[in-house]
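Colleague: What follows is my_file-v1.cif, mmCIF, C-alpha atoms.
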data_target
#
loop_
_atom_site.label_atom_id
_atom_site.label_comp_id
_atom_site.auth_asym_id
_atom_site.auth_seq_id
_atom_site.Cartn_x
_atom_site.Cartn_y
_atom_site.Cartn_z
CA MET A 1 221.97 0.91 -127.02
CA ALA A 2 218.29 0.55 -126.22
CA ARG A 3 217.40 0.18 -122.56
CA VAL A 4 216.57 -3.37 -121.50
CA GLN A 5 212.85 -3.70 -120.84
CA PRO A 6 211.51 -6.32 -118.42
CA LEU A 7 209.04 -8.89 -119.71
CA SER A 8 205.97 -9.23 -117.54
CA GLY A 9 204.82 -12.69 -116.60
CA PHE A 10 208.26 -14.33 -116.71
CA PRO A 11 209.61 -14.49 -113.14
CA GLU A 12 213.32 -14.10 -112.45
CA TRP A 13 214.62 -14.82 -108.95
CA SER A 14 217.64 -13.55 -107.06
CA PRO A 15 219.90 -16.22 -105.49
CA ALA A 16 218.02 -15.91 -102.18
CA GLU A 17 214.63 -16.09 -103.90
CA ARG A 18 215.75 -19.04 -105.98
CA MET A 19 216.65 -20.80 -102.71
CA VAL A 20 213.01 -20.49 -101.68
CA GLU A 21 211.81 -21.93 -104.98
CA ALA A 22 214.39 -24.74 -104.88
CA HIS A 23 213.36 -25.60 -101.32
CA VAL A 24 209.70 -25.85 -102.36
CA LEU A 25 210.54 -28.06 -105.34
CA ALA A 26 212.82 -30.32 -103.29
CA THR A 27 210.22 -30.69 -100.53
CA LEU A 28 207.47 -31.59 -102.98
CA ARG A 29 209.70 -34.19 -104.67
CA GLU A 30 210.61 -35.70 -101.32
CA VAL A 31 207.01 -36.00 -100.12
CA PHE A 32 205.78 -37.34 -103.45
CA ALA A 33 208.55 -39.96 -103.53
CA LEU A 34 207.86 -41.00 -99.93
CA HIS A 35 204.32 -41.87 -101.02
CA GLY A 36 205.41 -43.88 -104.04
CA PHE A 37 204.89 -41.40 -106.87
CA GLY A 38 207.50 -41.92 -109.57
CA GLU A 39 208.59 -38.75 -111.33
CA ILE A 40 208.34 -38.39 -115.08
CA GLU A 41 209.28 -35.61 -117.47
CA THR A 42 207.57 -35.00 -120.77
CA ARG A 43 208.60 -32.85 -123.72
CA ALA A 44 207.82 -29.14 -123.60
CA VAL A 45 205.87 -29.12 -126.88
CA GLU A 46 202.74 -30.86 -128.11
CA PRO A 47 200.67 -30.51 -131.26
CA VAL A 48 198.52 -27.39 -130.95
CA GLU A 49 195.46 -29.38 -131.95
CA ARG A 50 195.98 -31.74 -129.01
CA LEU A 51 196.63 -28.90 -126.59
CA ALA A 52 193.51 -27.00 -127.60
CA GLY A 53 191.18 -29.98 -127.79
CA ASP A 54 187.54 -28.95 -128.01
CA SER A 55 187.97 -25.91 -125.74
CA ASP A 56 188.93 -22.31 -126.37
CA ALA A 57 192.36 -22.95 -124.87
CA SER A 58 194.03 -22.13 -128.18
CA LYS A 59 194.22 -18.47 -127.13
CA GLU A 60 196.49 -19.51 -124.23
CA ILE A 61 198.95 -21.52 -126.33
CA TYR A 62 202.37 -20.23 -127.34
CA ALA A 63 203.07 -21.62 -130.79
CA ILE A 64 206.69 -22.42 -131.70
CA GLY A 65 207.39 -20.55 -134.91
CA ARG A 66 210.87 -21.88 -135.64
CA LEU A 67 209.86 -25.49 -135.13
CA ASN A 68 206.76 -25.03 -137.19
CA ALA A 69 208.62 -23.25 -139.99
CA ASP A 70 211.70 -25.48 -140.16
CA GLU A 71 211.56 -28.80 -138.38
CA GLN A 72 207.87 -29.31 -138.98
CA ALA A 73 208.04 -28.58 -142.72
CA GLY A 74 205.83 -30.96 -144.57
CA ARG A 75 203.90 -32.03 -141.50
CA GLU A 76 200.36 -31.00 -140.69
CA ALA A 77 200.83 -30.72 -136.92
CA LYS A 78 201.70 -27.29 -135.52
CA LEU A 79 203.56 -27.34 -132.23
CA GLY A 80 202.99 -25.25 -129.11
CA LEU A 81 204.40 -25.08 -125.59
CA HIS A 82 202.28 -27.02 -123.13
CA PHE A 83 200.15 -24.79 -120.88
CA ASP A 84 199.60 -27.46 -118.21
CA LEU A 85 200.91 -30.93 -117.42
CA THR A 86 197.65 -32.84 -117.91
CA VAL A 87 197.57 -32.84 -121.70
CA PRO A 88 201.16 -34.12 -122.06
CA PHE A 89 200.51 -36.69 -119.33
CA ALA A 90 197.46 -37.98 -121.18
CA ARG A 91 199.53 -38.34 -124.33
CA TYR A 92 202.31 -40.03 -122.34
CA VAL A 93 199.90 -42.62 -120.91
CA GLU A 94 198.33 -43.23 -124.30
CA GLU A 95 201.72 -43.78 -125.94
CA ASN A 96 203.23 -45.88 -123.16
CA GLN A 97 200.22 -47.82 -121.87
CA GLY A 98 201.76 -51.15 -122.87
CA ARG A 99 204.80 -50.49 -120.66
CA LEU A 100 203.11 -48.95 -117.62
CA GLN A 101 201.98 -50.77 -114.48
CA PHE A 102 198.47 -49.78 -113.42
CA PRO A 103 197.39 -48.12 -111.30
CA PHE A 104 200.17 -45.79 -112.46
CA ARG A 105 201.39 -43.34 -109.81
CA ARG A 106 203.05 -40.32 -111.38
CA SER A 107 204.52 -37.06 -110.16
CA GLN A 108 205.66 -34.37 -112.56
CA ILE A 109 207.29 -31.00 -111.85
CA GLN A 110 208.00 -28.90 -114.91
CA LYS A 111 207.63 -25.43 -116.32
CA VAL A 112 204.57 -24.62 -118.38
CA TRP A 113 203.72 -21.61 -120.54
CA ARG A 114 200.36 -19.91 -120.72
CA GLY A 115 199.33 -16.89 -122.74
CA GLU A 116 197.27 -15.00 -120.21
CA ARG A 117 197.37 -11.51 -118.76
CA PRO A 118 200.07 -11.38 -116.06
CA GLN A 119 199.00 -10.26 -112.61
CA GLU A 120 199.88 -11.07 -109.03
CA GLY A 121 200.33 -14.81 -108.75
CA ARG A 122 199.69 -15.40 -112.46
CA PHE A 123 202.55 -15.86 -114.89
CA ARG A 124 203.16 -16.70 -118.52
CA GLU A 125 205.97 -19.07 -117.55
CA PHE A 126 205.72 -20.99 -114.31
CA TYR A 127 206.40 -24.23 -112.48
CA GLN A 128 203.58 -26.66 -111.91
CA ALA A 129 203.72 -29.79 -109.73
CA ASP A 130 201.23 -32.60 -110.36
CA ILE A 131 200.47 -36.00 -108.89
CA ASP A 132 198.02 -38.45 -110.43
CA VAL A 133 197.02 -42.05 -110.01
CA VAL A 134 195.59 -43.53 -113.21
CA GLY A 135 193.94 -46.93 -113.48
CA ARG A 136 193.05 -49.11 -116.39
CA ASP A 137 189.27 -49.50 -116.61
CA ARG A 138 188.80 -49.03 -112.86
CA LEU A 139 190.26 -47.05 -109.97
CA PRO A 140 189.52 -47.69 -106.26
CA GLU A 141 187.65 -44.88 -104.54
CA HIS A 142 190.09 -44.77 -101.60
CA LEU A 143 192.70 -43.21 -103.90
CA GLU A 144 190.66 -40.00 -103.92
CA ALA A 145 191.57 -39.61 -100.25
CA GLU A 146 195.16 -40.75 -100.72
CA VAL A 147 195.96 -38.12 -103.34
CA ALA A 148 194.45 -35.39 -101.17
CA ILE A 149 196.41 -36.59 -98.13
CA VAL A 150 199.71 -36.58 -100.04
CA MET A 151 199.13 -33.01 -101.20
CA ALA A 152 198.07 -31.93 -97.71
CA ARG A 153 201.26 -33.44 -96.27
CA ALA A 154 203.38 -31.78 -98.95
CA LEU A 155 201.92 -28.36 -98.13
CA ALA A 156 202.27 -29.01 -94.39
CA ALA A 157 205.97 -29.79 -94.93
CA LEU A 158 206.55 -26.28 -96.31
CA PRO A 159 207.08 -23.21 -94.09
CA LEU A 160 203.61 -21.86 -94.84
CA PRO A 161 200.44 -20.84 -93.03
CA PRO A 162 197.96 -23.70 -92.69
CA ALA A 163 196.44 -24.93 -95.94
CA ARG A 164 192.69 -25.54 -96.05
CA MET A 165 191.48 -28.05 -98.62
CA HIS A 166 187.90 -27.42 -99.75
CA LEU A 167 186.22 -30.58 -101.03
CA ASN A 168 183.11 -31.31 -103.04
CA ASN A 169 181.72 -34.23 -105.02
CA ARG A 170 180.24 -34.17 -108.51
CA ALA A 171 177.76 -36.98 -107.83
CA LEU A 172 176.32 -35.17 -104.81
CA VAL A 173 175.90 -31.90 -106.70
CA GLU A 174 174.65 -33.43 -109.94
CA GLY A 175 172.18 -35.66 -108.11
CA PHE A 176 170.79 -32.68 -106.23
CA TYR A 177 170.59 -30.46 -109.31
CA ARG A 178 168.77 -33.16 -111.27
CA GLY A 179 166.56 -33.79 -108.27
CA VAL A 180 165.25 -30.22 -108.40
CA GLY A 181 164.69 -30.48 -112.13
CA ILE A 182 167.84 -28.93 -113.64
CA GLY A 183 168.79 -30.64 -116.88
CA ASP A 184 171.82 -28.55 -117.90
CA VAL A 185 173.91 -29.24 -114.80
CA ALA A 186 177.16 -28.03 -116.40
CA GLY A 187 175.59 -24.72 -117.39
CA ALA A 188 174.14 -24.19 -113.91
CA LEU A 189 177.52 -25.00 -112.35
CA ARG A 190 179.24 -22.40 -114.50
CA SER A 191 176.85 -19.81 -113.12
CA VAL A 192 177.23 -20.94 -109.51
CA ASP A 193 181.02 -20.74 -109.95
CA LYS A 194 180.59 -16.96 -110.29
CA LEU A 195 179.17 -16.51 -106.78
CA ASP A 196 182.30 -14.75 -105.52
CA LYS A 197 182.36 -12.40 -108.52
CA ILE A 198 178.73 -11.45 -109.08
CA GLY A 199 177.05 -12.54 -105.85
CA PRO A 200 173.80 -14.47 -105.34
CA GLU A 201 171.76 -11.83 -107.18
CA GLY A 202 173.91 -12.06 -110.28
CA VAL A 203 173.91 -15.84 -110.21
CA THR A 204 170.13 -15.86 -109.75
CA ALA A 205 169.73 -13.64 -112.79
CA GLU A 206 171.92 -15.92 -114.91
CA LEU A 207 170.07 -19.03 -113.81
CA ARG A 208 166.70 -17.43 -114.58
CA GLU A 209 167.97 -16.66 -118.09
CA LYS A 210 168.71 -20.38 -118.42
CA GLY A 211 165.06 -21.10 -117.68
CA ILE A 212 165.55 -22.59 -114.21
CA ARG A 213 162.61 -22.34 -111.83
CA PRO A 214 162.95 -19.81 -108.96
CA GLU A 215 162.41 -22.51 -106.31
CA ALA A 216 165.16 -24.65 -107.88
CA ILE A 217 167.51 -21.66 -107.94
CA HIS A 218 166.82 -21.05 -104.26
CA ALA A 219 167.57 -24.71 -103.49
CA ILE A 220 170.92 -24.85 -105.28
CA LEU A 221 172.03 -21.57 -103.70
CA GLU A 222 171.16 -23.04 -100.31
CA LEU A 223 173.25 -26.10 -101.23
CA ALA A 224 176.18 -23.84 -102.18
CA ALA A 225 176.01 -22.17 -98.77
CA ILE A 226 176.72 -25.42 -96.88
CA GLN A 227 180.25 -25.67 -95.52
CA THR A 228 181.49 -27.77 -92.57
CA THR A 229 184.84 -28.87 -91.20
CA ASP A 230 183.67 -32.45 -90.73
CA ASP A 231 181.09 -34.88 -92.09
CA THR A 232 178.13 -33.08 -90.49
CA PHE A 233 177.44 -31.54 -93.89
CA ALA A 234 175.75 -34.86 -94.72
CA ASP A 235 172.86 -34.17 -92.33
CA LEU A 236 172.50 -30.66 -93.75
CA VAL A 237 172.28 -31.74 -97.38
CA GLU A 238 169.89 -34.57 -96.51
CA ALA A 239 167.60 -32.09 -94.75
CA LEU A 240 167.86 -29.73 -97.71
CA TRP A 241 166.81 -32.51 -100.10
CA ASP A 242 163.80 -33.26 -97.93
CA HIS A 243 162.68 -29.63 -98.00
CA SER A 244 163.46 -28.86 -101.65
CA PRO A 245 161.10 -28.93 -104.67
CA ILE A 246 162.13 -32.39 -105.84
CA VAL A 247 160.67 -33.34 -109.21
CA ASP A 248 158.78 -36.55 -109.85
CA GLU A 249 160.78 -39.52 -111.15
CA ALA A 250 163.88 -38.42 -109.20
CA ASP A 251 164.85 -41.87 -107.89
CA GLU A 252 168.04 -42.08 -109.97
CA ALA A 253 169.02 -38.55 -108.96
CA ARG A 254 168.42 -39.44 -105.31
CA ALA A 255 170.66 -42.51 -105.57
CA GLU A 256 173.43 -40.44 -107.17
CA PHE A 257 173.04 -37.73 -104.53
CA GLU A 258 173.32 -40.26 -101.70
CA ARG A 259 176.34 -41.92 -103.28
CA GLY A 260 178.13 -38.59 -103.58
CA THR A 261 177.22 -37.60 -100.03
CA ARG A 262 178.67 -40.81 -98.60
CA ALA A 263 181.84 -40.50 -100.69
CA LEU A 264 182.41 -36.88 -99.64
CA ALA A 265 181.91 -37.75 -95.96
CA VAL A 266 184.49 -40.54 -96.24
CA LEU A 267 186.92 -38.19 -98.02
CA VAL A 268 186.62 -35.38 -95.47
CA ASP A 269 187.05 -37.78 -92.54
CA ALA A 270 190.06 -39.51 -94.13
CA VAL A 271 191.93 -36.30 -94.92
CA ASN A 272 191.29 -34.79 -91.49
CA ALA A 273 192.35 -38.02 -89.78
CA ALA A 274 195.68 -37.93 -91.65
CA VAL A 275 196.29 -34.15 -91.53
CA PRO A 276 193.99 -32.70 -88.84
CA GLY A 277 192.21 -29.46 -89.59
CA THR A 278 192.86 -29.57 -93.34
CA ALA A 279 189.65 -30.73 -95.03
CA ILE A 280 186.48 -28.68 -95.37
CA ALA A 281 183.32 -29.93 -97.06
CA ASP A 282 182.36 -27.00 -99.27
CA LEU A 283 179.29 -27.38 -101.48
CA ARG A 284 180.03 -24.02 -103.10
CA ILE A 285 182.90 -25.42 -105.16
CA ALA A 286 181.74 -25.63 -108.75
CA ARG A 287 184.90 -25.04 -110.80
CA GLY A 288 185.94 -28.20 -112.54
CA LEU A 289 182.78 -30.12 -111.71
CA ASP A 290 181.83 -30.19 -115.39
CA TYR A 291 185.06 -32.15 -115.99
CA TYR A 292 185.57 -34.11 -112.79
CA THR A 293 183.24 -37.00 -112.03
CA ALA A 294 183.51 -37.48 -108.26
CA ALA A 295 185.83 -35.74 -105.79
CA VAL A 296 187.01 -32.19 -106.52
CA TYR A 297 189.60 -30.27 -104.50
CA GLU A 298 190.56 -26.61 -104.08
CA THR A 299 193.14 -25.43 -101.57
CA VAL A 300 193.75 -21.99 -100.06
CA LEU A 301 196.27 -20.65 -97.56
CA GLU A 302 194.85 -19.39 -94.30
CA GLY A 303 195.15 -15.61 -94.25
CA HIS A 304 195.92 -15.50 -97.97
CA GLU A 305 192.56 -16.37 -99.44
CA ASP A 306 192.94 -13.47 -101.89
CA LEU A 307 195.56 -15.55 -103.71
CA GLY A 308 192.86 -18.01 -104.68
CA SER A 309 193.39 -21.73 -105.00
CA ILE A 310 197.05 -22.78 -104.86
CA CYS A 311 196.28 -26.45 -105.43
CA SER A 312 193.31 -28.06 -107.14
CA GLY A 313 192.19 -31.21 -108.90
CA GLY A 314 189.75 -34.06 -108.75
CA ARG A 315 188.67 -37.43 -110.08
CA TYR A 316 187.99 -37.96 -113.77
CA ASP A 317 186.48 -40.81 -115.78
CA SER A 318 189.14 -41.00 -118.43
CA LEU A 319 192.51 -39.38 -118.90
CA VAL A 320 192.68 -40.48 -122.53
CA ALA A 321 190.10 -39.71 -125.18
CA GLY A 322 188.08 -42.83 -125.83
CA GLY A 323 187.94 -43.92 -122.19
CA GLY A 324 189.44 -46.69 -120.17
CA PHE A 325 191.84 -44.71 -117.99
CA PRO A 326 190.07 -43.28 -114.91
CA GLY A 327 192.23 -41.28 -112.55
CA VAL A 328 192.50 -38.78 -109.75
CA GLY A 329 195.04 -36.00 -109.46
CA MET A 330 196.00 -32.65 -107.99
CA SER A 331 198.19 -29.82 -109.19
CA ILE A 332 200.11 -27.13 -107.31
CA GLY A 333 200.87 -23.80 -108.98
CA VAL A 334 204.41 -23.67 -107.61
CA SER A 335 205.41 -20.26 -108.99
CA ARG A 336 202.12 -18.80 -107.77
CA LEU A 337 202.89 -20.13 -104.30
CA VAL A 338 206.54 -19.06 -104.33
CA SER A 339 205.68 -15.53 -105.46
CA ARG A 340 203.43 -15.09 -102.43
CA MET A 341 206.00 -16.66 -100.09
CA ILE A 342 208.57 -14.14 -101.30
CA GLY A 343 206.33 -11.10 -101.80
CA ALA A 344 204.60 -11.38 -98.43
CA GLN A 345 207.88 -12.35 -96.71
CA LEU A 346 206.32 -15.54 -95.42
CA VAL A 347 209.75 -17.14 -95.51
CA THR A 348 213.36 -16.07 -95.63
CA PRO A 349 216.63 -17.95 -96.23
CA SER A 350 218.97 -18.08 -93.25
CA ARG A 351 221.58 -16.69 -95.68
CA SER A 352 221.56 -15.69 -99.32
CA VAL A 353 224.56 -17.74 -100.47
CA PRO A 354 225.34 -21.47 -100.25
CA GLN A 355 228.84 -20.98 -98.79
CA ALA A 356 229.33 -21.74 -95.12
CA VAL A 357 233.00 -20.74 -95.09
CA LEU A 358 235.22 -18.14 -96.72
CA VAL A 359 238.86 -19.27 -96.77
CA ALA A 360 241.02 -16.19 -96.37
CA VAL A 361 244.11 -15.59 -98.51
CA THR A 362 247.20 -14.29 -96.70
CA ASP A 363 248.90 -13.19 -99.93
CA GLU A 364 248.66 -14.17 -103.57
CA ASP A 365 251.62 -16.54 -103.29
CA SER A 366 249.68 -18.58 -100.73
CA ARG A 367 246.44 -18.67 -102.73
CA PRO A 368 247.06 -22.32 -103.83
CA ALA A 369 247.26 -23.35 -100.16
CA SER A 370 243.95 -21.57 -99.40
CA ALA A 371 242.37 -23.25 -102.44
CA ALA A 372 243.58 -26.63 -101.19
CA ILE A 373 241.96 -26.02 -97.79
CA ALA A 374 238.68 -25.09 -99.49
CA ASP A 375 238.82 -28.30 -101.53
CA ARG A 376 239.38 -30.38 -98.39
CA LEU A 377 236.32 -28.79 -96.82
CA ARG A 378 234.26 -29.32 -99.98
CA ALA A 379 235.32 -32.97 -100.12
CA ARG A 380 233.50 -33.40 -96.80
CA GLY A 381 230.38 -31.61 -98.03
CA ILE A 382 231.11 -28.16 -96.58
CA PRO A 383 230.38 -25.37 -99.11
CA ALA A 384 233.40 -23.10 -99.25
CA GLU A 385 234.67 -20.09 -101.22
CA VAL A 386 238.21 -18.77 -101.49
CA SER A 387 238.55 -15.04 -100.93
CA PRO A 388 238.75 -13.19 -104.27
CA ASN A 389 241.63 -11.01 -103.06
CA ALA A 390 244.43 -10.98 -100.52
CA ALA A 391 243.38 -7.78 -98.78
CA LYS A 392 243.80 -7.25 -95.06
CA PHE A 393 241.92 -9.85 -93.05
CA GLY A 394 239.51 -7.18 -91.81
CA LYS A 395 238.42 -6.45 -95.37
CA GLN A 396 238.07 -10.16 -96.12
CA ILE A 397 235.84 -10.49 -93.06
CA GLN A 398 233.78 -7.55 -94.33
CA TYR A 399 233.44 -9.31 -97.68
CA ALA A 400 232.15 -12.46 -95.95
CA ASP A 401 229.75 -10.40 -93.86
CA ARG A 402 228.31 -8.64 -96.92
CA ARG A 403 227.81 -11.98 -98.65
CA GLY A 404 226.22 -13.54 -95.58
CA ILE A 405 228.94 -16.20 -95.17
CA PRO A 406 228.99 -17.09 -91.45
CA PHE A 407 232.58 -18.39 -91.04
CA VAL A 408 236.03 -17.23 -92.15
CA TRP A 409 238.96 -19.63 -92.21
CA PHE A 410 242.45 -18.22 -91.56
CA PRO A 411 245.20 -20.56 -92.83
CA GLY A 412 247.86 -21.39 -90.24
CA ALA A 413 251.60 -21.46 -90.53
CA ASP A 414 251.44 -24.95 -92.04
CA ALA A 415 248.51 -24.37 -94.38
CA VAL A 416 249.51 -27.33 -96.51
CA ALA A 417 248.75 -29.59 -93.53
CA GLY A 418 245.33 -28.01 -93.28
CA ASP A 419 245.70 -26.29 -89.94
CA GLY A 420 244.32 -22.84 -89.23
CA GLU A 421 241.73 -20.98 -87.24
CA VAL A 422 238.05 -20.45 -88.00
CA LYS A 423 236.04 -17.44 -86.94
CA ASP A 424 232.30 -17.15 -86.50
CA ILE A 425 231.93 -13.57 -87.69
CA ARG A 426 228.50 -13.25 -86.07
CA SER A 427 229.66 -13.95 -82.52
CA GLY A 428 233.35 -13.15 -82.92
CA ASP A 429 234.36 -16.57 -81.56
CA GLN A 430 237.58 -17.91 -83.08
CA ALA A 431 239.21 -21.28 -82.50
CA PRO A 432 241.92 -23.57 -83.96
CA ALA A 433 240.66 -25.92 -86.66
CA ASP A 434 241.76 -28.79 -88.90
CA ALA A 435 240.52 -28.81 -92.50
CA ASP A 436 240.06 -32.58 -92.32
CA ALA A 437 237.99 -32.54 -89.13
CA TRP A 438 236.21 -29.21 -88.59
CA VAL A 439 232.49 -28.98 -89.33
CA PRO A 440 230.17 -26.03 -88.84
CA PRO A 441 227.07 -26.43 -86.67
CA ALA A 442 224.38 -28.39 -88.50
CA GLU A 443 222.15 -25.33 -88.82
CA ASP A 444 224.95 -23.45 -90.62
CA LEU A 445 226.06 -26.15 -93.04
CA HIS A 446 223.47 -25.17 -95.66
CA PRO A 447 221.03 -22.26 -95.91
CA ARG A 448 217.68 -22.96 -94.30
CA ILE A 449 214.31 -21.62 -95.34
CA VAL A 450 212.52 -20.37 -92.24
CA ARG A 451 209.18 -18.72 -91.56
CA GLY A 452 209.39 -14.97 -91.90
#
Take the structure in this file and express it as structure tokens.
Modeller:
Amino acid sequence: MARVQPLSGFPEWSPAERMVEAHVLATLREVFALHGFGEIETRAVEPVERLAGDSDASKEIYAIGRLNADEQAGREAKLGLHFDLTVPFARYVEENQGRLQFPFRRSQIQKVWRGERPQEGRFREFYQADIDVVGRDRLPEHLEAEVAIVMARALAALPLPPARMHLNNRALVEGFYRGVGIGDVAGALRSVDKLDKIGPEGVTAELREKGIRPEAIHAILELAAIQTTDDTFADLVEALWDHSPIVDEADEARAEFERGTRALAVLVDAVNAAVPGTAIADLRIARGLDYYTAAVYETVLEGHEDLGSICSGGRYDSLVAGGGFPGVGMSIGVSRLVSRMIGAQLVTPSRSVPQAVLVAVTDEDSRPASAAIADRLRARGIPAEVSPNAAKFGKQIQYADRRGIPFVWFPGADAVAGDGEVKDIRSGDQAPADADAWVPPAEDLHPRIVRG
């Protein structure tokens, strides 16, 4: 028989690691629900044409051969697994718009599949968690802060290092770029987005190839260097405008720049007021600004900046092609986050199994009585396992210790009545107990995920 070969990019977790992932998913769901985001689930497949759109995303799509060969016979549409949750959400809103209440607040946590080269923190199959608020024709600006605050609170609820949310605004950046005479804002942004990879010299060279004036290049690199933990960035960008080579007829650009500056200041202040120390105004952020129309967010973990952004998003003019559905949303790469939590031992489960109690078996004839005790404990919400064999009690205790089960229950003379003794195998303490009344300490009832 051929040796089983692992598949890269498809994470598989041990029971203890899965506890970490399940804890993250449960925490996100709880925080999202507390803030009024109703959870939806969409199908795993979409037409490849819809998934790819006008981009080169087709190279990332996993096509479904069996569906396309059999179930899709006679139809033009080819199906592929969704590579994010935005495309299926857009289709969902478009199909269900007559039944939705706007603004529509949605959360969605599902697996997605992406055909990219696996590496640390990047998978071919992974969980993603999104929240969005979508309006019909209009969307209040204050929701840009609300979405960021919900995500900041969700990350703060996890046993993680502090999360820092870097914020920018498309109107501010576009107004400034146009003010210094740059017509192809999207192209310039794509170059500025490479600052971390190729440095200022490389970006300067790219921008010169695009025909941008040296003084304009200098100005937008100065803009990208501005970063503050409060709204004082506003004074810095205003001063930069005043000292930059602004082109004639820049009144509209100036108005857009000022509007974006005010909006970003409000956003930074609102997020920091709700979750102190989270928001950073960062004019270097360029990724996504050719898609987003106002606020844009990128989030990193303090001390783990090498992981890159664990949560990003922004405001967009229209979720659905054709317009009319403005929205704002953010997305967490859950598997990316969990892989770092596990790999860097940022967290650890208090035990690796759900059981709080192992019910010992005196002999095989008494196994039904031990099973009945376990069921009485389970009926009161206490996870319990019956010992797999009737070995000496010392060996059954060793079994519980190896599994990480903290308590062992020894049935008494009248096991049918539920009496017995329970032993904390960590401390050695042992005391009489009643299967209808005994409860473990709250911290031992279920495994806890604690900081490593």
Colleague: Can you pull out the residues contacting Gln128 (chain A)? Cut-off 12 Å, using only C-alpha atoms, and skip same-chain residues under 2 positions away; I want them as number ranges by chain.
Modeller: A: 21, 24-25, 28, 41, 82-86, 107-114, 122-126, 130-131, 310-312, 330-338
Colleague: Looking at only C-alpha atoms, which of A:Ile64, A:Ala360, A:Ala286, A:Ala374 is the one that sits closest to Lys395 (chain A)?
Modeller: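 Among the listed residues, A:Ala360 lies closest to Lys395 (chain A).
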Colleague: For Leu346 (chain A), which of A:Pro411, A:Pro161, A:Pro200, A:Gly211 is the closest residue, counting all atoms listed in the file?
Modeller: A:Pro161
Colleague: Name the residues that the PyMOL selection byres ((chain A and resi 287) around 12) picks from the file above, as number ranges by chain, using the file's chain letters and numbers.
Modeller: A: 166-170, 186-196, 282-286, 288-292, 295-298, 309, 312-314
Colleague: Would you output that residue set with C-alpha atoms, as a tab-separated table (two decimals), keeping the file's coordinate frame?
Modeller:
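Generated output (out13.tsv):
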chain	number	residue	atom	x	y	z
A	166	HIS	CA	187.90	-27.42	-99.75
A	167	LEU	CA	186.22	-30.58	-101.03
A	168	ASN	CA	183.11	-31.31	-103.04
A	169	ASN	CA	181.72	-34.23	-105.02
A	170	ARG	CA	180.24	-34.17	-108.51
A	186	ALA	CA	177.16	-28.03	-116.40
A	187	GLY	CA	175.59	-24.72	-117.39
A	188	ALA	CA	174.14	-24.19	-113.91
A	189	LEU	CA	177.52	-25.00	-112.35
A	190	ARG	CA	179.24	-22.40	-114.50
A	191	SER	CA	176.85	-19.81	-113.12
A	192	VAL	CA	177.23	-20.94	-109.51
A	193	ASP	CA	181.02	-20.74	-109.95
A	194	LYS	CA	180.59	-16.96	-110.29
A	195	LEU	CA	179.17	-16.51	-106.78
A	196	ASP	CA	182.30	-14.75	-105.52
A	282	ASP	CA	182.36	-27.00	-99.27
A	283	LEU	CA	179.29	-27.38	-101.48
A	284	ARG	CA	180.03	-24.02	-103.10
A	285	ILE	CA	182.90	-25.42	-105.16
A	286	ALA	CA	181.74	-25.63	-108.75
A	288	GLY	CA	185.94	-28.20	-112.54
A	289	LEU	CA	182.78	-30.12	-111.71
A	290	ASP	CA	181.83	-30.19	-115.39
A	291	TYR	CA	185.06	-32.15	-115.99
A	292	TYR	CA	185.57	-34.11	-112.79
A	295	ALA	CA	185.83	-35.74	-105.79
A	296	VAL	CA	187.01	-32.19	-106.52
A	297	TYR	CA	189.60	-30.27	-104.50
A	298	GLU	CA	190.56	-26.61	-104.08
A	309	SER	CA	193.39	-21.73	-105.00
A	312	SER	CA	193.31	-28.06	-107.14
A	313	GLY	CA	192.19	-31.21	-108.90
A	314	GLY	CA	189.75	-34.06	-108.75
Colleague: Using all atoms listed in the file, what table do you get, as a tab-separated table, when you list each residue of region 260-333 of chain A with an atom no more than 9 Å from region 227-230 of chain A, its nearest pair of atoms, and their distance in Å rounded to one decimal, rows by chain then rising number?
Modeller:
residue	atom	partner	partner_atom	distance
A:Ala265	CA	A:Asp230	CA	7.7
A:Val268	CA	A:Asp230	CA	6.3
A:Asp269	CA	A:Asp230	CA	6.6
A:Asn272	CA	A:Asp230	CA	8.0
A:Gly277	CA	A:Thr229	CA	7.6
A:Thr278	CA	A:Thr229	CA	8.3
A:Ala279	CA	A:Thr229	CA	6.4
A:Ile280	CA	A:Thr229	CA	4.5
A:Ala281	CA	A:Thr228	CA	5.3
A:Asp282	CA	A:Gln227	CA	4.5
A:Leu283	CA	A:Gln227	CA	6.3
A:Arg284	CA	A:Gln227	CA	7.8
Colleague: For the contact check between region 114-186 of chain A and region 437-450 of chain A, emit one row per residue of region 114-186 of chain A within 10 Å, containing the shortest atom pair and the distance in Å rounded to one decimal, counting only C-alpha atoms, chain then rising number order, as a tab-separated table.
Modeller:
residue	atom	partner	partner_atom	distance
A:Leu158	CA	A:Ile449	CA	9.1
A:Pro159	CA	A:Val450	CA	6.4
A:Leu160	CA	A:Val450	CA	9.4
Colleague: Quick one: axis-aligned box around all listed atoms of region 346-358 of chain A, 5 Å on every side, centre and edge lengths in Å to one decimal, written as JSON.
Modeller:
{"center_x": 220.8, "center_y": -18.6, "center_z": -96.9, "size_x": 38.9, "size_y": 16.2, "size_z": 17.2}
Colleague: For this structure, which residues satisfy the selection - the PyMOL selection byres ((chain A and resi 246) around 8) - when it is evaluated on the file as given? I want them as a PyMOL selection string.
Modeller: chain A and resi 179-181+241+244-245+247-248+250
Colleague: How would you write, as a list in words, the residues chosen by the PyMOL selection byres ((chain A and resi 89-99) around 6) on this structure?
Modeller: Thr86, Val87, Pro88, Leu100, Leu319 and Val320 of chain A
Colleague: For a test of reading the model, state the distance in Å between CA of Met19 (chain A) and CA of Glu421 (chain A), rounded to one decimal.
Modeller: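 Going from CA of Met19 (chain A) over to CA of Glu421 (chain A), I get 29.5 Å.
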